[in-house]
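Here the structure is laid out as structure tokens; the discussion comes afterwards.
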Protein chains: 6
Amino acid sequence: MHVMIRPVAMGRPSFLGVPRCTTLELLDADVAILGIPFTTPDDLGQSRSPSSDAPDAVRGQSERLAGFLTHYDFDLGGSLFDGRKVSMVDCGDVWGEPGKFDDNNRLATVTVQAIRETGALPIVLGGDQAALPPALRAYTGHPSLCVVHIGAGLRWCDEVGGVHEGPRTAMRRASELPWVTSMIQVGLRGDGQARQQDVDDAVAFGSVLVRAEEVHQHGVDAVLRRVPRAEAYCISLDADGLDPAIAPGVALPAFGGLSYYEASNLLKGVAASGPVVGLALLGIVPSHDVNNLTSLLGARLILNALGELARAGRFDARVSAQSTVANLVGI
Amino acid sequence: MHVMIRPVAMGRPSFLGVPRCTTLELLDADVAILGIPFTTPDDLGQSRSPSSDAPDAVRGQSERLAGFLTHYDFDLGGSLFDGRKVSMVDCGDVWGEPGKFDDNNRLATVTVQAIRETGALPIVLGGDQAALPPALRAYTGHPSLCVVHIGAGLRWCDEVGGVHEGPRTAMRRASELPWVTSMIQVGLRGDGQARQQDVDDAVAFGSVLVRAEEVHQHGVDAVLRRVPRAEAYCISLDADGLDPAIAPGVALPAFGGLSYYEASNLLKGVAASGPVVGLALLGIVPSHDVNNLTSLLGARLILNALGELARAGRFDARVSAQSTVANLVGI
Amino acid sequence: MHVMIRPVAMGRPSFLGVPRCTTLELLDADVAILGIPFTTPDDLGQSRSPSSDAPDAVRGQSERLAGFLTHYDFDLGGSLFDGRKVSMVDCGDVWGEPGKFDDNNRLATVTVQAIRETGALPIVLGGDQAALPPALRAYTGHPSLCVVHIGAGLRWCDEVGGVHEGPRTAMRRASELPWVTSMIQVGLRGDGQARQQDVDDAVAFGSVLVRAEEVHQHGVDAVLRRVPRAEAYCISLDADGLDPAIAPGVALPAFGGLSYYEASNLLKGVAASGPVVGLALLGIVPSHDVNNLTSLLGARLILNALGELARAGRFDARVSAQSTVANLVGI
Amino acid sequence: MHVMIRPVAMGRPSFLGVPRCTTLELLDADVAILGIPFTTPDDLGQSRSPSSDAPDAVRGQSERLAGFLTHYDFDLGGSLFDGRKVSMVDCGDVWGEPGKFDDNNRLATVTVQAIRETGALPIVLGGDQAALPPALRAYTGHPSLCVVHIGAGLRWCDEVGGVHEGPRTAMRRASELPWVTSMIQVGLRGDGQARQQDVDDAVAFGSVLVRAEEVHQHGVDAVLRRVPRAEAYCISLDADGLDPAIAPGVALPAFGGLSYYEASNLLKGVAASGPVVGLALLGIVPSHDVNNLTSLLGARLILNALGELARAGRFDARVSAQSTVANLVGI
Amino acid sequence: MHVMIRPVAMGRPSFLGVPRCTTLELLDADVAILGIPFTTPDDLGQSRSPSSDAPDAVRGQSERLAGFLTHYDFDLGGSLFDGRKVSMVDCGDVWGEPGKFDDNNRLATVTVQAIRETGALPIVLGGDQAALPPALRAYTGHPSLCVVHIGAGLRWCDEVGGVHEGPRTAMRRASELPWVTSMIQVGLRGDGQARQQDVDDAVAFGSVLVRAEEVHQHGVDAVLRRVPRAEAYCISLDADGLDPAIAPGVALPAFGGLSYYEASNLLKGVAASGPVVGLALLGIVPSHDVNNLTSLLGARLILNALGELARAGRFDARVSAQSTVANLVGI
Amino acid sequence: MHVMIRPVAMGRPSFLGVPRCTTLELLDADVAILGIPFTTPDDLGQSRSPSSDAPDAVRGQSERLAGFLTHYDFDLGGSLFDGRKVSMVDCGDVWGEPGKFDDNNRLATVTVQAIRETGALPIVLGGDQAALPPALRAYTGHPSLCVVHIGAGLRWCDEVGGVHEGPRTAMRRASELPWVTSMIQVGLRGDGQARQQDVDDAVAFGSVLVRAEEVHQHGVDAVLRRVPRAEAYCISLDADGLDPAIAPGVALPAFGGLSYYEASNLLKGVAASGPVVGLALLGIVPSHDVNNLTSLLGARLILNALGELARAGRFDARVSAQSTVANLVGI
């Protein structure tokens, strides 16, 4: 099946400046970046301050880090991929049409599926939190998946104003997928975007709920010990899980969020402890940002996760076809 | 039929601070403000810098003019309504739901119809230019209507990317309504958002095309002589018809636009020469604005038109029920 | 006695969107919001970057939290008032006239008194720190009051440029009230806005001085053990007590301030340990703010304090007349 | 009598970088700059977006023009003073104290008087329009003065909210001075800040009212022919007389204002036609400005007036003591 | 000779999205865009607010116009090239090294020469006004060239602080080239960046000096009649020639500048009356800009000139090799 | 030898408002502020977002702290200099000329030397990190110096694009000076601006490398124990060593940096433990700053260091000539 994508335009930066994939048939890489900018808003008001600009904003900020890939990185203790040959490609955005929310979601799922079938690790750039369920639906048939979500809100509403596929219902929708067998939610605080019943349902499902203050008090290692054992992990990094002092560009800043090292060590800890099969960066609202700090932080945290995955041998299995790719996808 | 509206929220200003109508069944006024914030975007990219915030932005800026209604106004040569008793009410926005563009358009039409049935003059606050056709459809059965459009673009595309009800197709859609019998478009310049065939079609229809430079060279009176005779007029004021020096808050600033006095005198001239049955302010993009100048200008030009309409006796026919209204719709 | 107030204008948001009180004679609520925007400036230069806009800025940001009142809140472990019926009303601002600083102060005192006489808990939105003494004077006759002040500066000057009622003299003025029997000042750092003699006087009075660094080193529980025992507490939250990373909107940012959890736990600890009879949020300077972060934080911390007060049974004694109020004060 | 002033601080720019006068006793110059930043606000709300920062903003922008004084200027047809030796000094601001509006006004009058007694031409930097009457009171005993006011508003209210010395009452207050024998007001448009009676009173006094549109239609020369003959002229340049496209930094932008050349030629025409004994630049609101454009324009127009005054021989009579001054007033 | 250029980076937009030339050996087009961002500053202070960002800013804004090339344009009366096949390529920027001002200038000259040798029309994007002389030196051997300069300043200084190749000396340096036989400077006003002697020298050379006010008074046609006859024309469009209301992004805004239609008609008039062999857009300072208005205007005016050149048959002579180029220079 | 400096202009603030030195021959003070704004950029792109504005930005923000010098400071436990008489003077900036990078560096060295010869402690305000080596070269002949560098990057490149004296090579250049015998680098994280070989070389030299995370984990006291013993210390405070939450104004924000108290206690610890002979504040990029927070923080940290140096008796040895200085250097 041919899956249509919207490649990164020539006049716009790709993530870290890596090659642009213009058609998924040619994709042959270890890591594939994919934007899912358009999802279903809870209501019209929400559609006014969108995360739709976030994929391009993150790509733009990633350029500032692009020169450093072969440098020594003090947070990783070496170069990004530690000398390994890892190929990365930017697949642009999921194709979308105005108002066709269900179609757009379906297309997001098949696009992630198409990427996974090539063996590449999908890195999703949202878009808001509603981008998570379509992405997770691409893992159908996977024996057992644990979703590690970093974010301020519970996002276990069943529906909001009649919308079942919006940002506040994302984690409940995830829990309904048969292959999502466990879940941990880290950084909870403030308005949980949930009612008591939603909290009870999350607990009943077995979602491990960790408040931000617990992270500050007991440390990241204590949190890592509470991550459920699973055959594979999907990491969902919601920007509102981070503290507004370093991540102001979100819909509603929640004070008391995770610091850089807490988030980074959490990502690294998960990457080191089991196979990570997907990673999503969600909920950045560029128009609320200050000096693009949040987009820069998002790009940086993706690097940290990738570096740790490389060190954990995540990319060693695949026979890299990097040199071939360069010819096919152009500059 | 009950027509649902979204009244102005208590914590938000109404236009000029006039009473808020909470249900159209109670509407009894000479002038009714109505926002149409959500229309069909040409494409997803366009939906990122929306005019959806414009109705509230214009309402907010109108507050700065609200104290002046009984003052002497030098542009009108007296107080706003020249001593007449004219009642004005803000009906809030058309009800809309995410992605249901056709439904939203239909609801816009029936809302304007419901307002017209009460005898009130509808003043539409867009939203982008795509708000014009739904509003004009509310005049079905009207014997003969001339649309006076002030704007930089022709907007006579037949479709853009499959969208027939978007901002660039607005004037062609208007021309297809049987009751729209003539049209004049003033302020054309730069990219006409049209191809040669579209220009030819507009001319064939009989649309009087006036470039902005012609206005500067020959004056507003010469333009007014070219306005087609008609039984009634609808005025469509697209903010991009004005010069970017005073109206920077538009999707794409087109240099060389109309000055304040040119636009004001054009509005006044039309108001003085025939019955005006509708007025729309379209295409303001608040996120592109500078110090809210464009929204303030839009609010000011609506005042000028209203003042001239009052002087032309437009509101004398209706038996004003102002005192009653005040009781019903509350502050 | 009739006490004139300036109600929240119709086109402006009230705190959390609660009902607006238009005349204190009708006030019947558990919690009453009151702005004191205008106080005595130290000098003319200072009057140029005022906190006078802060009450409206805080009200505006509180709207973003207003939808959450019945949600589960992770910082409180339940809904805001934990299922209790607590009525809250926004009384607008103290009436003030330009330059009549003494009159304005006196009116602030009688307004807080009028609120207290109805049994409501006054929540004061400053204005700068000079709003504190007029508010505290409303507690005349109270047997014994401890002022818990969170802020960077000592504010124990006797006079500044001849002004005795300005922001830098606030805590000394408070100490001179017979019913203020004790005091704790938390978050001191940087320029103390005091000379050595002022520090000595504060210590001689018995004010417990806690530097911000001590809070970071020893934790909030250690601070709470140093809070003097008293029959009742007034909490004064000066925005400059918080760290500039999350509260940049103050007159002079002082680095090293309290984190969100430190401030929140401090407020909660006091609320849990004794009767709180007043709360003031002071010193926000909106024109110095970044993305309204400081106003949002101020609104959020008021919620935390209110939630804890509800849990401590603070509002259980009063017979709520909420339903009646709704009729009287309108929407 | 010793008149206290507030000299320009060492770390702040003086107007055009000219010497700073630290005490009026030493003043010996042809032109004296004086700021009147603090006047009586109409109401407290108005005191929040003040013109108090305008004198320093204009001084700051004037620095960008300071290098050019000996250059060839195309608008003047030569160097600023056309080779003449003209000394200019910056006297800083009138001394003011918070809330003592009457005292501050009185001090403004005696300061301008003290400057006039030295023979220097006072150039007043407001502050808002309320700075005009105190400045004009310094001309007591002058046989006959015509005030040339450029501005959008009539400013002939008798009182606003009980305030008789505020910005909207300025021109009526001016008309009540026995030595103000005539008046012309140019640039009127939009809200006149007046009621019908105020317009009638202005006309009855003999104030020549010229709408902005008349200037555009008939040209500056036609306006100059309507300037009353008088023994001397005071020019009052209110920034809202200019178009918001080039002067956005005012309290309420009024569209359709004077262009640069219209204002400049008006100033030059008056300067050329009779003795000018005072000049005031009023109503700039820096916090509403865009890139300091309005302050730069204000500084530029003062230069144009000064250049024309020099060419008209205005400074030839006085024996310049420039070299002496330099020693006395420091750098 | 191989001439090194700095091609437009993949992640950055080219002008109008046209193909990027990566090596001049392959250049085969009708029009070639070339940035000259780095020139010699007058002094270190000036190097802080540079025009160095202007080429990329103009390229970025040109993207907003890129969709329109085949549309009907009301300012041109048809599509951009009126149906002709005209090939355009973006050659990126002249290669430069920090501090090597003379070398950079020499490289600018040889790069323009290399472009001219291929038969392409060079369109230079500055950089400040100092980019003009190096560009003009590439026309060595040309029999007779007239420079048409639109700008506020005379720029005829001989040296400024020892610098002979800076922005204020540009027109004098141009006059010293043997092949520059005549010159017209339009839009002069305010500080001429010149002394009397410089004005005299310009007049002595025969430079036709036209003040901005003259353009407003007598119209563009009168100016066009004063353009010297010559075998070929180079147009230099300095952004400060335009009015700050539409072009605020310049080093020092000079009020009273040219309007859009004045500038556009001037460009068109020259393009229509004789062979144009070069065009430069200079002096945009993006950090002073408002909403990128100046860069958008600059891009728009280049379009207008190109459209008129196409209509004048300027590109008909060259045998277009467009299809071949597309293969060579990639996307 | 006469060493030319560029004194602080009269219309610009000096650091803390201290006297301005206009010629080094007259310098007689304990502490001398010196700006080194212009250094060698790595490449032309980098020269576009310069630290050249930093000295003036820091001076401007220091004004907000200037009133406090005799106040009680809670971070110091008394007034700034603890009652001692310490004289401070601002020497303005090193003289520089465009593009003459080597000459400018040499002049920076001789200027610091000239200051040191008077016995004053030089406080250098950069400029970027490339200002460090020229400053350190002024200590030639010093028996043994330890450089304490706080910053995110290693800055041990040997050259970048052929530039040996740029910001990324600064610490290697420092290590090559014979009198620099030891080094500690605190706050390392993210991109080290170094390759593996550079890290190895730094370790081989004996530079003590401390990652930011180690500071957070083990505390400042543990870091202070690792500071090498030396006869004297130069402190280099690179703004990117601090966390972007409080210091966003740097070239590339690196998350996870030092907090205010960590940096302050580090500075104090070094000041208390040995003779400090120089201090540099580097790498602030004002155009990236938010509300000037970074410049304010930089000024504040200099105060903390100075206060601690005074307490350590650093200024007791020199016979203060403060009163004399006042006469010589003017106001």
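By order in the structure tokens, chains are A, B, ...; within a chain, residues start at 1; ligands start at 1, following the order shown.
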
Could you name the residues that touch Met183 of chain C at 6 Å or less, counting only C-alpha atoms, but leaving out those on the same chain fewer than 4 positions away, as a list in words? Cys146, Val147, Val148 and Ser207 of chain C

Identify every residue of chain F that has at least one atom within 12 Å of any atom of chain D, counting only C-alpha atoms, and report the result as a compact mmCIF listing (two decimals) with all heavy atoms, in the first residue's frame.
```txt
# COMPACT_ATOMS: atom_id res chain seq x y z
N VAL F 8 32.92 55.17 29.21
CA VAL F 8 31.46 55.07 29.19
C VAL F 8 30.89 56.42 28.77
O VAL F 8 31.23 57.45 29.37
CB VAL F 8 30.91 54.68 30.57
CG1 VAL F 8 29.39 54.61 30.53
CG2 VAL F 8 31.50 53.34 31.01
N ALA F 9 30.03 56.42 27.75
CA ALA F 9 29.46 57.68 27.27
C ALA F 9 28.59 58.32 28.35
O ALA F 9 28.01 57.63 29.19
CB ALA F 9 28.63 57.43 26.01
N MET F 10 28.52 59.65 28.31
CA MET F 10 27.78 60.38 29.34
C MET F 10 26.32 59.93 29.42
O MET F 10 25.73 59.87 30.47
CB MET F 10 27.83 61.87 29.05
CG MET F 10 29.18 62.48 29.33
SD MET F 10 29.75 62.10 31.00
CE MET F 10 28.58 63.11 31.92
N GLY F 11 25.73 59.62 28.28
CA GLY F 11 24.32 59.25 28.29
C GLY F 11 24.09 57.78 28.56
O GLY F 11 22.98 57.28 28.33
N ARG F 12 25.10 57.07 29.03
CA ARG F 12 24.95 55.64 29.30
C ARG F 12 25.37 55.35 30.73
O ARG F 12 26.26 56.01 31.26
CB ARG F 12 25.84 54.83 28.34
CG ARG F 12 25.43 54.93 26.88
CD ARG F 12 24.13 54.20 26.62
NE ARG F 12 23.53 54.60 25.36
CZ ARG F 12 22.22 54.65 25.17
NH1 ARG F 12 21.39 54.34 26.13
NH2 ARG F 12 21.75 55.02 24.01
N PRO F 13 24.73 54.39 31.38
CA PRO F 13 25.07 54.10 32.77
C PRO F 13 26.43 53.41 32.91
O PRO F 13 26.80 52.59 32.08
CB PRO F 13 23.96 53.16 33.22
CG PRO F 13 23.38 52.58 31.98
CD PRO F 13 23.60 53.58 30.89
N SER F 14 27.15 53.77 33.95
CA SER F 14 28.35 53.01 34.31
C SER F 14 27.94 51.85 35.21
O SER F 14 26.81 51.81 35.70
CB SER F 14 29.35 53.92 35.02
OG SER F 14 28.84 54.28 36.29
N PHE F 15 28.84 50.92 35.45
CA PHE F 15 28.52 49.78 36.32
C PHE F 15 28.22 50.29 37.73
O PHE F 15 29.04 51.00 38.33
CB PHE F 15 29.69 48.80 36.35
CG PHE F 15 29.38 47.51 37.06
CD1 PHE F 15 28.60 46.54 36.45
CD2 PHE F 15 29.84 47.28 38.34
CE1 PHE F 15 28.30 45.34 37.10
CE2 PHE F 15 29.54 46.10 39.01
CZ PHE F 15 28.76 45.13 38.39
N LEU F 16 27.06 50.00 38.23
CA LEU F 16 26.60 50.42 39.55
C LEU F 16 26.61 51.93 39.73
O LEU F 16 26.50 52.42 40.85
CB LEU F 16 27.46 49.79 40.66
CG LEU F 16 27.27 48.29 40.89
CD1 LEU F 16 28.30 47.82 41.92
CD2 LEU F 16 25.87 47.98 41.37
N GLY F 17 26.77 52.66 38.63
CA GLY F 17 26.81 54.12 38.74
C GLY F 17 28.10 54.65 39.34
O GLY F 17 28.18 55.81 39.74
N VAL F 18 29.16 53.84 39.37
CA VAL F 18 30.44 54.32 39.94
C VAL F 18 31.08 55.32 38.99
O VAL F 18 30.69 55.43 37.82
CB VAL F 18 31.41 53.13 40.19
CG1 VAL F 18 30.81 52.16 41.18
CG2 VAL F 18 31.80 52.45 38.89
N PRO F 19 32.11 56.08 39.47
CA PRO F 19 32.74 57.08 38.61
C PRO F 19 33.32 56.47 37.34
O PRO F 19 33.72 55.30 37.33
CB PRO F 19 33.86 57.65 39.49
CG PRO F 19 33.40 57.40 40.89
CD PRO F 19 32.62 56.12 40.84
N ARG F 20 33.35 57.27 36.28
CA ARG F 20 33.89 56.83 34.99
C ARG F 20 35.33 57.28 34.91
O ARG F 20 35.64 58.44 35.11
CB ARG F 20 33.14 57.52 33.85
CG ARG F 20 31.69 57.21 33.78
CD ARG F 20 30.88 58.49 33.74
NE ARG F 20 29.48 58.25 34.03
CZ ARG F 20 28.60 57.91 33.12
NH1 ARG F 20 28.97 57.82 31.88
NH2 ARG F 20 27.36 57.68 33.46
N ASP F 56 27.35 46.82 27.98
CA ASP F 56 26.37 47.88 28.24
C ASP F 56 25.10 47.31 28.88
O ASP F 56 24.48 47.96 29.73
CB ASP F 56 26.02 48.63 26.95
CG ASP F 56 27.09 49.66 26.60
OD1 ASP F 56 28.01 49.84 27.41
OD2 ASP F 56 27.00 50.26 25.53
N ARG F 59 25.89 46.77 32.51
CA ARG F 59 25.94 48.07 33.19
C ARG F 59 24.52 48.59 33.43
O ARG F 59 24.20 49.10 34.50
CB ARG F 59 26.72 49.07 32.34
CG ARG F 59 28.22 48.86 32.35
CD ARG F 59 28.94 49.90 31.48
NE ARG F 59 30.39 49.75 31.56
CZ ARG F 59 31.17 49.37 30.55
NH1 ARG F 59 30.65 49.14 29.37
NH2 ARG F 59 32.47 49.25 30.73
N GLY F 60 23.68 48.47 32.42
CA GLY F 60 22.31 48.97 32.56
C GLY F 60 21.56 48.27 33.68
O GLY F 60 20.89 48.91 34.49
N GLN F 61 21.67 46.94 33.75
CA GLN F 61 20.96 46.21 34.79
C GLN F 61 21.56 46.47 36.17
O GLN F 61 20.86 46.45 37.18
CB GLN F 61 20.96 44.71 34.50
CG GLN F 61 20.08 44.35 33.33
CD GLN F 61 18.65 44.80 33.53
OE1 GLN F 61 18.01 44.46 34.52
NE2 GLN F 61 18.16 45.64 32.64
N SER F 62 22.87 46.73 36.22
CA SER F 62 23.50 46.96 37.53
C SER F 62 22.92 48.19 38.21
O SER F 62 22.95 48.29 39.43
CB SER F 62 25.02 47.12 37.36
OG SER F 62 25.34 48.41 36.83
N GLU F 63 22.38 49.11 37.40
CA GLU F 63 21.74 50.29 37.99
C GLU F 63 20.62 49.92 38.96
O GLU F 63 20.35 50.64 39.90
CB GLU F 63 21.12 51.15 36.87
CG GLU F 63 22.07 52.10 36.20
CD GLU F 63 21.29 53.18 35.47
OE1 GLU F 63 20.31 52.84 34.79
OE2 GLU F 63 21.67 54.35 35.60
N ARG F 64 19.94 48.81 38.68
CA ARG F 64 18.82 48.41 39.53
C ARG F 64 19.31 47.94 40.90
O ARG F 64 18.52 47.83 41.84
CB ARG F 64 18.02 47.29 38.86
CG ARG F 64 17.48 47.66 37.50
CD ARG F 64 16.90 46.50 36.76
NE ARG F 64 15.58 46.14 37.27
CZ ARG F 64 14.87 45.12 36.81
NH1 ARG F 64 15.36 44.34 35.85
NH2 ARG F 64 13.69 44.84 37.31
N ALA F 66 22.13 49.42 42.22
CA ALA F 66 23.08 50.42 42.69
C ALA F 66 22.65 51.07 43.99
O ALA F 66 23.48 51.49 44.79
CB ALA F 66 23.29 51.49 41.61
N VAL F 329 38.43 62.07 38.05
CA VAL F 329 37.66 61.44 36.97
C VAL F 329 36.29 62.05 36.79
O VAL F 329 35.48 61.55 36.03
CB VAL F 329 37.53 59.92 37.21
CG1 VAL F 329 38.88 59.27 37.17
CG2 VAL F 329 36.80 59.63 38.50
N GLY F 330 36.02 63.13 37.48
CA GLY F 330 34.74 63.79 37.25
C GLY F 330 33.66 63.23 38.15
O GLY F 330 33.92 62.71 39.22
N ILE F 331 32.42 63.34 37.68
CA ILE F 331 31.26 62.95 38.50
C ILE F 331 31.39 61.50 38.92
O ILE F 331 31.50 60.62 38.09
CB ILE F 331 29.95 63.09 37.69
CG1 ILE F 331 29.83 64.47 37.11
CG2 ILE F 331 28.79 62.75 38.59
CD1 ILE F 331 29.43 65.54 38.04
```

With DSSP run on the backbone, what are the strand (DSSP E or B) residues within segment 52-294 of chain A? I'd like them as a ChimeraX atom specification. /A:73,78,88-94,121-126,145-150,160,163,180-188,191,208-211,232-238,242,258,276-282

For Glu165 of chain D, the nearest of the candidates D:Phe101, D:Phe205, D:Trp179, D:Tyr72, counting only C-alpha atoms: D:Phe101

As JSON, numbers by chain, please: the residues near Thr294 of chain B (cut-off 8 Å, only C-alpha atoms, same-chain neighbours under 4 positions excluded). {"B": [239, 246, 247, 248, 249, 284, 286, 289, 290, 298]}

Just-selected residues, N, CA, C and O atoms written as a PDB file, in the first residue's frame:
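Ended up saving to again-v3.pdb:
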```
ATOM      1  N   ALA B 239     -10.071  43.362   5.742  1.00  0.00           N
ATOM      2  CA  ALA B 239      -9.016  44.207   6.308  1.00  0.00           C
ATOM      3  C   ALA B 239      -7.825  44.355   5.374  1.00  0.00           C
ATOM      4  O   ALA B 239      -7.096  45.341   5.457  1.00  0.00           O
ATOM      5  N   ILE B 246      -1.503  50.873   8.426  1.00  0.00           N
ATOM      6  CA  ILE B 246      -2.498  51.022   9.494  1.00  0.00           C
ATOM      7  C   ILE B 246      -3.251  49.725   9.759  1.00  0.00           C
ATOM      8  O   ILE B 246      -3.953  49.610  10.754  1.00  0.00           O
ATOM      9  N   ALA B 247      -3.075  48.719   8.903  1.00  0.00           N
ATOM     10  CA  ALA B 247      -3.764  47.440   9.084  1.00  0.00           C
ATOM     11  C   ALA B 247      -2.812  46.282   8.832  1.00  0.00           C
ATOM     12  O   ALA B 247      -3.001  45.499   7.909  1.00  0.00           O
ATOM     13  N   PRO B 248      -1.779  46.148   9.675  1.00  0.00           N
ATOM     14  CA  PRO B 248      -0.813  45.075   9.447  1.00  0.00           C
ATOM     15  C   PRO B 248      -1.351  43.684   9.786  1.00  0.00           C
ATOM     16  O   PRO B 248      -0.767  42.697   9.371  1.00  0.00           O
ATOM     17  N   GLY B 249      -2.448  43.615  10.533  1.00  0.00           N
ATOM     18  CA  GLY B 249      -2.926  42.336  11.033  1.00  0.00           C
ATOM     19  C   GLY B 249      -3.783  41.569  10.053  1.00  0.00           C
ATOM     20  O   GLY B 249      -4.970  41.346  10.314  1.00  0.00           O
ATOM     21  N   ILE B 284      -9.250  39.940   9.517  1.00  0.00           N
ATOM     22  CA  ILE B 284      -8.259  40.382  10.500  1.00  0.00           C
ATOM     23  C   ILE B 284      -7.581  39.148  11.103  1.00  0.00           C
ATOM     24  O   ILE B 284      -8.244  38.175  11.453  1.00  0.00           O
ATOM     25  N   PRO B 286      -5.377  38.587  14.210  1.00  0.00           N
ATOM     26  CA  PRO B 286      -4.811  39.261  15.386  1.00  0.00           C
ATOM     27  C   PRO B 286      -3.360  38.899  15.682  1.00  0.00           C
ATOM     28  O   PRO B 286      -2.593  39.748  16.135  1.00  0.00           O
ATOM     29  N   ASP B 289      -1.046  41.198  14.112  1.00  0.00           N
ATOM     30  CA  ASP B 289      -1.315  42.618  14.319  1.00  0.00           C
ATOM     31  C   ASP B 289      -0.201  43.275  15.140  1.00  0.00           C
ATOM     32  O   ASP B 289       0.623  42.602  15.757  1.00  0.00           O
ATOM     33  N   VAL B 290      -0.157  44.589  15.101  1.00  0.00           N
ATOM     34  CA  VAL B 290       0.795  45.379  15.862  1.00  0.00           C
ATOM     35  C   VAL B 290      -0.004  46.257  16.814  1.00  0.00           C
ATOM     36  O   VAL B 290      -0.782  47.106  16.354  1.00  0.00           O
ATOM     37  N   GLY B 298     -10.763  48.422  12.536  1.00  0.00           N
ATOM     38  CA  GLY B 298     -11.996  47.757  12.124  1.00  0.00           C
ATOM     39  C   GLY B 298     -13.191  48.241  12.936  1.00  0.00           C
ATOM     40  O   GLY B 298     -14.262  48.550  12.388  1.00  0.00           O
TER      41      GLY B 298
END
```

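Residue-level DSSP output for segment 31-112 of chain A, from the backbone, shows alpha helix (DSSP H) at A:Ala54, A:Pro55, A:Asp56, A:Ala57, A:Val58, A:Arg59, A:Gly60, A:Gln61, A:Ser62, A:Phe101, A:Asp102, A:Asp103, A:Asn104, A:Asn105, A:Arg106, A:Leu107, A:Ala108, A:Thr109, A:Val110, A:Thr111, A:Val112.
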
One decimal, Å: what's the distance from atom CA of Thr39 of chain A over to atom CA of Pro55 of chain B, could you say? 24.6 Å

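Counting only C-alpha atoms, Ala194 of chain D has the following residues at most 7 Å away, ignoring those fewer than 3 positions along the same chain: His71 and Tyr72 of chain B; Leu154, Arg155, Trp156, Cys157, Asp198 and Val199 of chain D.
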
List as a count of residues only the protein and nucleic acid residues near Leu188 of chain B, meaning an atom at most 9 Å away when only C-alpha atoms are counted, but skip any in the same chain fewer than 3 places from it. 17

I'd like the contact shell of segment 125-129 of chain E - 6 Å cut-off, only C-alpha atoms, skipping same-chain residues fewer than 3 positions apart - returned as a PyMOL selection string. chain E and resi 35-37+51-52+55+132+167+280-283

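When the distance limit is 6 Å and only C-alpha atoms are what count, the residues near segment 78-91 of chain E, minus those fewer than 5 positions from it on the same chain, are Pro7, Val18, Pro19, Arg20, Cys21, Ala29, Asp30, Val31, Ala32, Ile33, Leu34, Leu69, Thr70, His71, Tyr72, Asp73, Gly307, Ala310 and Gln322 of chain E.
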
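Distances here use only C-alpha atoms; by that measure, the residue among E:Pro228, E:Gly162, E:Gly219, E:Gly187 closest to Leu258 of chain E is E:Gly187.
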
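Taking atom CA of Tyr139 of chain A and atom CA of Ala312 of chain A as endpoints, the distance between them is 21.8 Å.
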